[in-house]
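Undergrad: The structure follows.
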Amino acid sequence: MKIGIIGGGTVATFLIKSINVDQRLPGCTVDSVFLRSADVAEAWERDYGTRAFTEMEAFLSSGIDIVVEAATVEAVRDYAELVISKRKDLVIISVGALVDQELYDRLNEICRQLGTHIHLPSGAIGGLDVIHSAMALGQLDEVSLTTRKPPASLLGRQLDAKEVVFDGTATEAISRFPKNINVAIVLSLAGLGCDNTRVKIVADPEATKNIHTIEAVGSFGKMNIQLENDPMPDNPKTSYLAALSVLSTLKKQTERISIG
Ligand SMILES: NC(=O)C1=CN([C@@H]2O[C@H](COP(=O)(O)OP(=O)(O)OC[C@H]3O[C@@H](n4cnc5c(N)ncnc54)[C@H](O)[C@@H]3O)[C@@H](O)[C@H]2O)C=CC1
Ligand SMILES: O=C([O-])CC(=O)C(=O)O
């Protein structure tokens with residue numbers, strides 16, 4: 001499987017190191033990357049021996065089978081439609097873009113017409129399988145997410161004491177914190193939708209991890225999951241688990257038996 005990656009940051013670098021350097025996904029290679037700057041593209045070609053493009057059309061025509069978006073919510077808005085229109089399956093990690101119902105419906109319809117797929121990794125959280133099962137008969141009553149991160153990640157500055165910096169719906173949360181709360185949108189899409197999923201964000205000077213607590217109540221019973229995620233050293237906003245979840249989503253594409 002030939003993989004193309006949009007973006008050259010923390011998750012993209014993790015993927016190319018895991019797949020091309022450490023060869024952790026047999027039969028898969030990161031063949032091409034799409035980057036915005038020619039200088040960065042040159043560095044990627046030199047450092048990793050991969051092809052790097054600054055033109056989207058050329059990137060999509062480079063013989064890749066699947067595209068991984070590992071950039072920003074804006075990049076999803078700008079490129080997702082084009083990627084799937086070229087009949088490439090797409091993995092989206094900046095899931096926050098899909099808070100836009102029109103975009104979601106349009107992408108869904110193109111996939112349906114062309115037989116392509118969009119994969120949304122579980123990212124920095126867990127329990128989406130439970131939420132999905134509970135929704136099979138629409139019997140989910142409440143879903144909430146509480147995220148605790150260091151203030152520098154959320155606000156770009158330090159705080160002396162813990163502060164609730166947001167309390168509201170997932171829809172509002174992603175518009176205020178587009179680089180920190182994509183998890184709220186994947187949780188919403190699996191469950192009750194972006195306007196009915198409650199989100200609380202706490203900036204905590206004592207937090208050394210990215211902590212996500214997911215609670216759900218439905219006819220199945222109750223779920224309470226807490227993740228204490230180690231951050232990525234190069235971008236502490238992003239949890240290591242989020243990068244692993246992209247790798248796992250790619251691995252699943254190579255397997256015949258799917259779990260969960
Ligand atoms: N779903 C989830 O659970 C999670 C999602 N994320 C999201 O994943 C994405 C990637 O995370 P990181 O790698 O840590 O971010 P990062 O900031 O380290 O890297 C993003 C890279 O994308 C590049 N970029 C931005 N716009 C671009 C465009 N239009 N075309 C090509 N490249 C572009 C930037 O130059 C940067 O190199 C972010 O949107 C982040 O918010 C992060 C953690 C969890
Ligand atoms: O990685 C995390 O802990 C969560 C995150 O940044 C996001 O959902 O955007």
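We name chains A, B, ... following the order of the structure tokens; residues begin at 1 in each chain, and ligands are numbered from 1 as shown.
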Would you name the residues within 6 Å of ligand 2, counting only C-alpha atoms and all ligand atoms, and put them as number ranges by chain?
TA: A: 124, 179-183, 210, 237-239, 242
Undergrad: Pick out the residues no farther than 6 Å from ligand 1, counting only C-alpha atoms and all ligand atoms, and list them as a PDB file with C-alpha atoms, in the first residue's frame.
TA:
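selection-v9.pdb was written with the following content:
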ATOM      1  CA  ILE A   6      -0.585  15.784   3.835  1.00  0.00           C
ATOM      2  CA  GLY A   7       1.506  17.702   6.385  1.00  0.00           C
ATOM      3  CA  GLY A   8       5.041  17.527   7.699  1.00  0.00           C
ATOM      4  CA  GLY A   9       4.654  17.991  11.452  1.00  0.00           C
ATOM      5  CA  THR A  10       4.678  15.734  14.490  1.00  0.00           C
ATOM      6  CA  VAL A  11       2.220  13.038  13.359  1.00  0.00           C
ATOM      7  CA  ALA A  12       3.608  12.977   9.794  1.00  0.00           C
ATOM      8  CA  PHE A  34       2.377  17.099   0.435  1.00  0.00           C
ATOM      9  CA  LEU A  35       4.008  20.125   2.050  1.00  0.00           C
ATOM     10  CA  ARG A  36       3.441  23.825   1.699  1.00  0.00           C
ATOM     11  CA  ALA A  70      -1.928  15.017   9.276  1.00  0.00           C
ATOM     12  CA  ALA A  71      -2.061  18.804   9.029  1.00  0.00           C
ATOM     13  CA  THR A  72      -4.915  21.022  10.242  1.00  0.00           C
ATOM     14  CA  VAL A  73      -8.690  21.403  10.099  1.00  0.00           C
ATOM     15  CA  ALA A  75      -6.265  21.464   5.253  1.00  0.00           C
ATOM     16  CA  ILE A  93      -6.901  13.093  11.926  1.00  0.00           C
ATOM     17  CA  SER A  94      -7.974  16.776  12.060  1.00  0.00           C
ATOM     18  CA  VAL A  95     -11.529  15.499  12.519  1.00  0.00           C
ATOM     19  CA  GLY A 123      -7.200   9.689  17.948  1.00  0.00           C
ATOM     20  CA  ALA A 124      -6.329  10.537  21.521  1.00  0.00           C
ATOM     21  CA  LYS A 179      -5.669  22.211  17.644  1.00  0.00           C
ATOM     22  CA  ASN A 180      -6.626  20.683  20.993  1.00  0.00           C
ATOM     23  CA  ASN A 182     -10.535  17.184  17.666  1.00  0.00           C
ATOM     24  CA  VAL A 183     -11.360  14.299  20.006  1.00  0.00           C
ATOM     25  CA  ASN A 235       4.108  19.043  19.979  1.00  0.00           C
ATOM     26  CA  THR A 238      -0.824  16.157  20.539  1.00  0.00           C
ATOM     27  CA  SER A 239      -0.922  12.888  22.477  1.00  0.00           C
ATOM     28  CA  ALA A 242      -3.299  10.035  18.529  1.00  0.00           C
TER      29      ALA A 242
END
Undergrad: Looking at only C-alpha atoms, which of A:Leu103, A:Leu159, A:Ile66, A:Ala38 is the one that sits closest to Thr254 of chain A?
TA: A:Ile66
Undergrad: Could you check which of A:Ala184, A:Met56, A:Ala173, A:Val91 is closest to Leu120 of chain A, using only C-alpha atoms?
TA: A:Val91
Undergrad: Quick check, in Å to one decimal: how far apart do atom CA of Val143 of chain A and atom CA of Ile92 of chain A lie?
TA: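 Taking atom CA of Val143 of chain A as the start and atom CA of Ile92 of chain A as the end point, the length is 22.4 Å.
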Undergrad: List as a VMD selection string the protein and nucleic acid residues near Val217 of chain A, meaning an atom at most 8 Å away when only C-alpha atoms are counted, but skip any in the same chain fewer than 5 places from it.
TA: chain A and resid 140 to 143 222 to 223
Undergrad: Take atom CA of Ser32 of chain A and atom CA of Gly4 of chain A and report the distance between them in Å, one decimal.
TA: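 Calculated distance between atom CA of Ser32 of chain A and atom CA of Gly4 of chain A is 4.7 Å.
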Undergrad: Set the distance at 10 Å and use only C-alpha atoms: which residues neighbour Pro236 of chain A once local chain neighbours fewer than 6 positions away are removed? I'd like the list as a list in words.
TA: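 The contact residues come out as Thr10, Lys149, Pro150, Ala152, Ser153, Asn180, Thr208, Lys209, Asn210 and Asp230 of chain A.
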Undergrad: Could those residues be written to a file, using N, CA and C atoms, as a short mmCIF file (atom, residue, chain, number, x, y, z; two decimals), in the first residue's frame?
TA:
data_model
loop_
_atom_site.label_atom_id
_atom_site.label_comp_id
_atom_site.auth_asym_id
_atom_site.auth_seq_id
_atom_site.Cartn_x
_atom_site.Cartn_y
_atom_site.Cartn_z
N THR A 10 4.39 16.78 13.51
CA THR A 10 4.68 15.73 14.49
C THR A 10 4.12 14.37 14.08
N LYS A 149 -5.39 19.68 30.12
CA LYS A 149 -4.07 19.80 29.48
C LYS A 149 -3.29 20.91 30.16
N PRO A 150 -1.97 20.93 29.96
CA PRO A 150 -1.19 22.05 30.50
C PRO A 150 -1.63 23.37 29.85
N ALA A 152 -0.04 25.88 28.69
CA ALA A 152 0.72 26.31 27.51
C ALA A 152 0.12 25.71 26.24
N SER A 153 -0.36 24.46 26.32
CA SER A 153 -0.95 23.82 25.14
C SER A 153 -2.26 24.48 24.74
N ASN A 180 -6.67 21.40 19.72
CA ASN A 180 -6.63 20.68 20.99
C ASN A 180 -7.80 19.76 21.26
N THR A 208 0.87 17.00 33.57
CA THR A 208 2.04 16.67 32.73
C THR A 208 1.60 15.78 31.58
N LYS A 209 0.33 15.39 31.61
CA LYS A 209 -0.22 14.53 30.55
C LYS A 209 -1.46 15.21 29.99
N ASN A 210 -1.93 14.69 28.85
CA ASN A 210 -3.20 15.15 28.29
C ASN A 210 -4.26 14.15 28.76
N ASP A 230 0.49 10.39 27.33
CA ASP A 230 1.78 11.07 27.21
C ASP A 230 1.75 11.96 25.98
#
Undergrad: Which residue, A:Val68, A:Ile110, A:Ala58, A:Val186, has the smallest gap to Glu81 of chain A when you use only C-alpha atoms?
TA: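 Looking only at the distances to Glu81 of chain A, the closest residue turns out to be A:Ile110.
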Undergrad: DSSP on the backbone, strand (DSSP E or B) only: what residues of segment 28-166 of chain A does that give? Format it as a count of residues only.
TA: 33
